[in-house]
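Asker: My questions will all concern the structure given below.
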Amino acid sequence: MQKDKISKEKISKEKIPKEKARVPRDQCVACGCCFSACPQKAIAIIKGVYAAIDESLCVGCGLCLRACPASIIEMVEVPA
Ligand code: SF4
Ligand code: SF4
């Protein structure tokens, strides 16, 4: 019985989509606030012009989103 419960929980967790942060380049003012806020060091400021997020490092914590003074960072669902 317990075994069934565990395997069902595992399956449902695998189906939950994960979220990653994304920056619309054309709206970014390259202030660097998201860069400073990211605990994963997933953000780079490219050529001093816009922020780029490495999705392979992003854990979807949302700290960059809260730090962005322009409120342009979006959380997008990606396959788990
Ligand atoms: S959501 Fe978290 S881990 Fe992902 S880029 Fe933003 S601060 Fe970094
Ligand atoms: S905090 Fe916002 S405006 Fe500043 S660099 Fe990051 S995404 Fe661009």
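Note on naming: chains are A, B, ... as they come in the structure tokens, residues start from 1 per chain, ligands start from 1 in the order shown.
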Could I get the residue neighbourhood of ligand 1 at 7 Å, counting only C-alpha atoms and all ligand atoms, as a PyMOL selection string?
Answerer: chain A and resi 20-21+34+37-43+53+57-65
Asker: Return as a Markdown table the residues of chain A lying at most 9 Å from ligand 2, together with the closest atom-to-atom pair for each and the distance in Å to one decimal, counting only C-alpha atoms and all ligand atoms, with rows in chain order and ascending residue number.
Answerer:
| residue | atom | partner | partner_atom_place_in_ligand_line | distance |
| --- | --- | --- | --- | --- |
| A:Arg22 | CA | ligand 2 | 7 (S) | 8.3 |
| A:Val23 | CA | ligand 2 | 7 (S) | 5.5 |
| A:Pro24 | CA | ligand 2 | 7 (S) | 7.6 |
| A:Arg25 | CA | ligand 2 | 8 (Fe) | 7.6 |
| A:Gln27 | CA | ligand 2 | 3 (S) | 7.2 |
| A:Cys28 | CA | ligand 2 | 8 (Fe) | 3.8 |
| A:Val29 | CA | ligand 2 | 3 (S) | 4.5 |
| A:Ala30 | CA | ligand 2 | 5 (S) | 3.6 |
| A:Cys31 | CA | ligand 2 | 4 (Fe) | 3.9 |
| A:Gly32 | CA | ligand 2 | 5 (S) | 4.1 |
| A:Cys33 | CA | ligand 2 | 1 (S) | 4.2 |
| A:Cys34 | CA | ligand 2 | 1 (S) | 4.1 |
| A:Phe35 | CA | ligand 2 | 6 (Fe) | 6.3 |
| A:Ser36 | CA | ligand 2 | 1 (S) | 8.6 |
| A:Ala37 | CA | ligand 2 | 1 (S) | 8.6 |
| A:Ile43 | CA | ligand 2 | 6 (Fe) | 8.3 |
| A:Ala44 | CA | ligand 2 | 5 (S) | 8.7 |
| A:Ile45 | CA | ligand 2 | 5 (S) | 6.8 |
| A:Gly48 | CA | ligand 2 | 5 (S) | 8.9 |
| A:Val49 | CA | ligand 2 | 5 (S) | 8.3 |
| A:Tyr50 | CA | ligand 2 | 8 (Fe) | 5.8 |
| A:Ala51 | CA | ligand 2 | 5 (S) | 4.9 |
| A:Ala52 | CA | ligand 2 | 7 (S) | 8.0 |
| A:Cys64 | CA | ligand 2 | 1 (S) | 6.7 |
| A:Leu65 | CA | ligand 2 | 1 (S) | 7.5 |
| A:Arg66 | CA | ligand 2 | 1 (S) | 8.6 |
| A:Ala67 | CA | ligand 2 | 1 (S) | 5.9 |
| A:Cys68 | CA | ligand 2 | 1 (S) | 3.5 |
| A:Pro69 | CA | ligand 2 | 1 (S) | 5.9 |
| A:Ala70 | CA | ligand 2 | 3 (S) | 5.3 |
| A:Ser71 | CA | ligand 2 | 2 (Fe) | 6.4 |
| A:Ile72 | CA | ligand 2 | 2 (Fe) | 6.0 |
| A:Ile73 | CA | ligand 2 | 7 (S) | 5.7 |
Asker: Grab the residues selected above and save them as a short mmCIF file (atom, residue, chain, number, x, y, z; two decimals), in the first residue's frame with N, CA and C atoms.
Answerer:
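This is the output file part.cif:
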data_model
loop_
_atom_site.label_atom_id
_atom_site.label_comp_id
_atom_site.auth_asym_id
_atom_site.auth_seq_id
_atom_site.Cartn_x
_atom_site.Cartn_y
_atom_site.Cartn_z
N ARG A 22 12.93 34.36 -17.73
CA ARG A 22 13.29 34.80 -19.08
C ARG A 22 13.24 36.33 -19.15
N VAL A 23 14.19 36.91 -19.86
CA VAL A 23 14.26 38.37 -19.98
C VAL A 23 13.96 38.79 -21.43
N PRO A 24 12.96 39.65 -21.64
CA PRO A 24 12.76 40.21 -22.98
C PRO A 24 13.89 41.21 -23.25
N ARG A 25 14.82 40.86 -24.11
CA ARG A 25 16.03 41.67 -24.34
C ARG A 25 15.74 43.11 -24.68
N GLN A 27 13.55 45.08 -23.76
CA GLN A 27 13.06 45.93 -22.67
C GLN A 27 14.08 46.09 -21.55
N CYS A 28 15.15 45.33 -21.59
CA CYS A 28 16.13 45.33 -20.51
C CYS A 28 17.04 46.55 -20.60
N VAL A 29 17.28 47.17 -19.44
CA VAL A 29 18.16 48.35 -19.40
C VAL A 29 19.54 48.00 -18.83
N ALA A 30 19.79 46.71 -18.64
CA ALA A 30 21.10 46.21 -18.19
C ALA A 30 21.56 46.82 -16.88
N CYS A 31 20.63 47.01 -15.96
CA CYS A 31 21.01 47.61 -14.67
C CYS A 31 21.81 46.65 -13.79
N GLY A 32 21.63 45.36 -14.01
CA GLY A 32 22.40 44.36 -13.25
C GLY A 32 21.76 43.90 -11.94
N CYS A 33 20.59 44.42 -11.61
CA CYS A 33 19.94 44.03 -10.34
C CYS A 33 19.64 42.53 -10.31
N CYS A 34 19.20 41.99 -11.43
CA CYS A 34 18.89 40.55 -11.48
C CYS A 34 20.17 39.74 -11.34
N PHE A 35 21.21 40.20 -11.95
CA PHE A 35 22.53 39.55 -11.88
C PHE A 35 22.96 39.42 -10.42
N SER A 36 22.82 40.51 -9.67
CA SER A 36 23.23 40.51 -8.25
C SER A 36 22.32 39.64 -7.40
N ALA A 37 21.05 39.52 -7.78
CA ALA A 37 20.08 38.79 -6.96
C ALA A 37 20.11 37.28 -7.17
N ILE A 43 22.72 34.40 -14.44
CA ILE A 43 22.47 35.58 -15.28
C ILE A 43 23.78 36.27 -15.65
N ALA A 44 23.86 36.66 -16.90
CA ALA A 44 25.01 37.43 -17.37
C ALA A 44 24.49 38.68 -18.05
N ILE A 45 25.24 39.76 -17.90
CA ILE A 45 24.89 40.98 -18.64
C ILE A 45 25.76 40.97 -19.90
N GLY A 48 27.04 44.66 -21.76
CA GLY A 48 26.48 45.84 -21.08
C GLY A 48 25.16 46.30 -21.66
N VAL A 49 24.49 45.43 -22.41
CA VAL A 49 23.27 45.86 -23.11
C VAL A 49 22.01 45.16 -22.59
N TYR A 50 22.11 43.87 -22.28
CA TYR A 50 20.91 43.16 -21.81
C TYR A 50 21.32 41.97 -20.95
N ALA A 51 20.37 41.52 -20.12
CA ALA A 51 20.60 40.36 -19.27
C ALA A 51 20.19 39.09 -20.01
N ALA A 52 21.00 38.05 -19.86
CA ALA A 52 20.67 36.76 -20.46
C ALA A 52 20.71 35.71 -19.36
N CYS A 64 15.21 37.04 -9.13
CA CYS A 64 15.54 38.05 -10.15
C CYS A 64 14.30 38.85 -10.53
N LEU A 65 13.19 38.15 -10.62
CA LEU A 65 11.93 38.80 -10.99
C LEU A 65 11.59 39.90 -9.97
N ARG A 66 11.78 39.59 -8.69
CA ARG A 66 11.48 40.57 -7.64
C ARG A 66 12.50 41.70 -7.63
N ALA A 67 13.71 41.41 -8.09
CA ALA A 67 14.77 42.43 -8.04
C ALA A 67 14.72 43.39 -9.22
N CYS A 68 14.06 43.02 -10.28
CA CYS A 68 14.08 43.85 -11.50
C CYS A 68 13.25 45.11 -11.33
N PRO A 69 13.88 46.29 -11.38
CA PRO A 69 13.13 47.54 -11.20
C PRO A 69 12.18 47.83 -12.36
N ALA A 70 12.44 47.22 -13.51
CA ALA A 70 11.58 47.45 -14.67
C ALA A 70 10.44 46.42 -14.75
N SER A 71 10.46 45.44 -13.85
CA SER A 71 9.42 44.39 -13.81
C SER A 71 9.20 43.72 -15.17
N ILE A 72 10.29 43.38 -15.81
CA ILE A 72 10.14 42.78 -17.15
C ILE A 72 10.43 41.28 -17.18
N ILE A 73 10.99 40.74 -16.09
CA ILE A 73 11.35 39.32 -16.11
C ILE A 73 10.10 38.46 -15.98
#
Asker: Pull the alpha helix (DSSP H) assignments for region 16-53 of chain A out of DSSP run on the backbone, and list those residues as a tab-separated table (two decimals) with N, CA and C atoms, in the first residue's frame.
Answerer:
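Wrote it out as result.tsv, contents follow:
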chain	number	residue	atom	x	y	z
A	33	CYS	N	20.59	44.42	-11.61
A	33	CYS	CA	19.94	44.03	-10.34
A	33	CYS	C	19.64	42.53	-10.31
A	34	CYS	N	19.20	41.99	-11.43
A	34	CYS	CA	18.89	40.55	-11.48
A	34	CYS	C	20.17	39.74	-11.34
A	35	PHE	N	21.21	40.20	-11.95
A	35	PHE	CA	22.53	39.55	-11.88
A	35	PHE	C	22.96	39.42	-10.42
A	36	SER	N	22.82	40.51	-9.67
A	36	SER	CA	23.23	40.51	-8.25
A	36	SER	C	22.32	39.64	-7.40
A	37	ALA	N	21.05	39.52	-7.78
A	37	ALA	CA	20.08	38.79	-6.96
A	37	ALA	C	20.11	37.28	-7.17
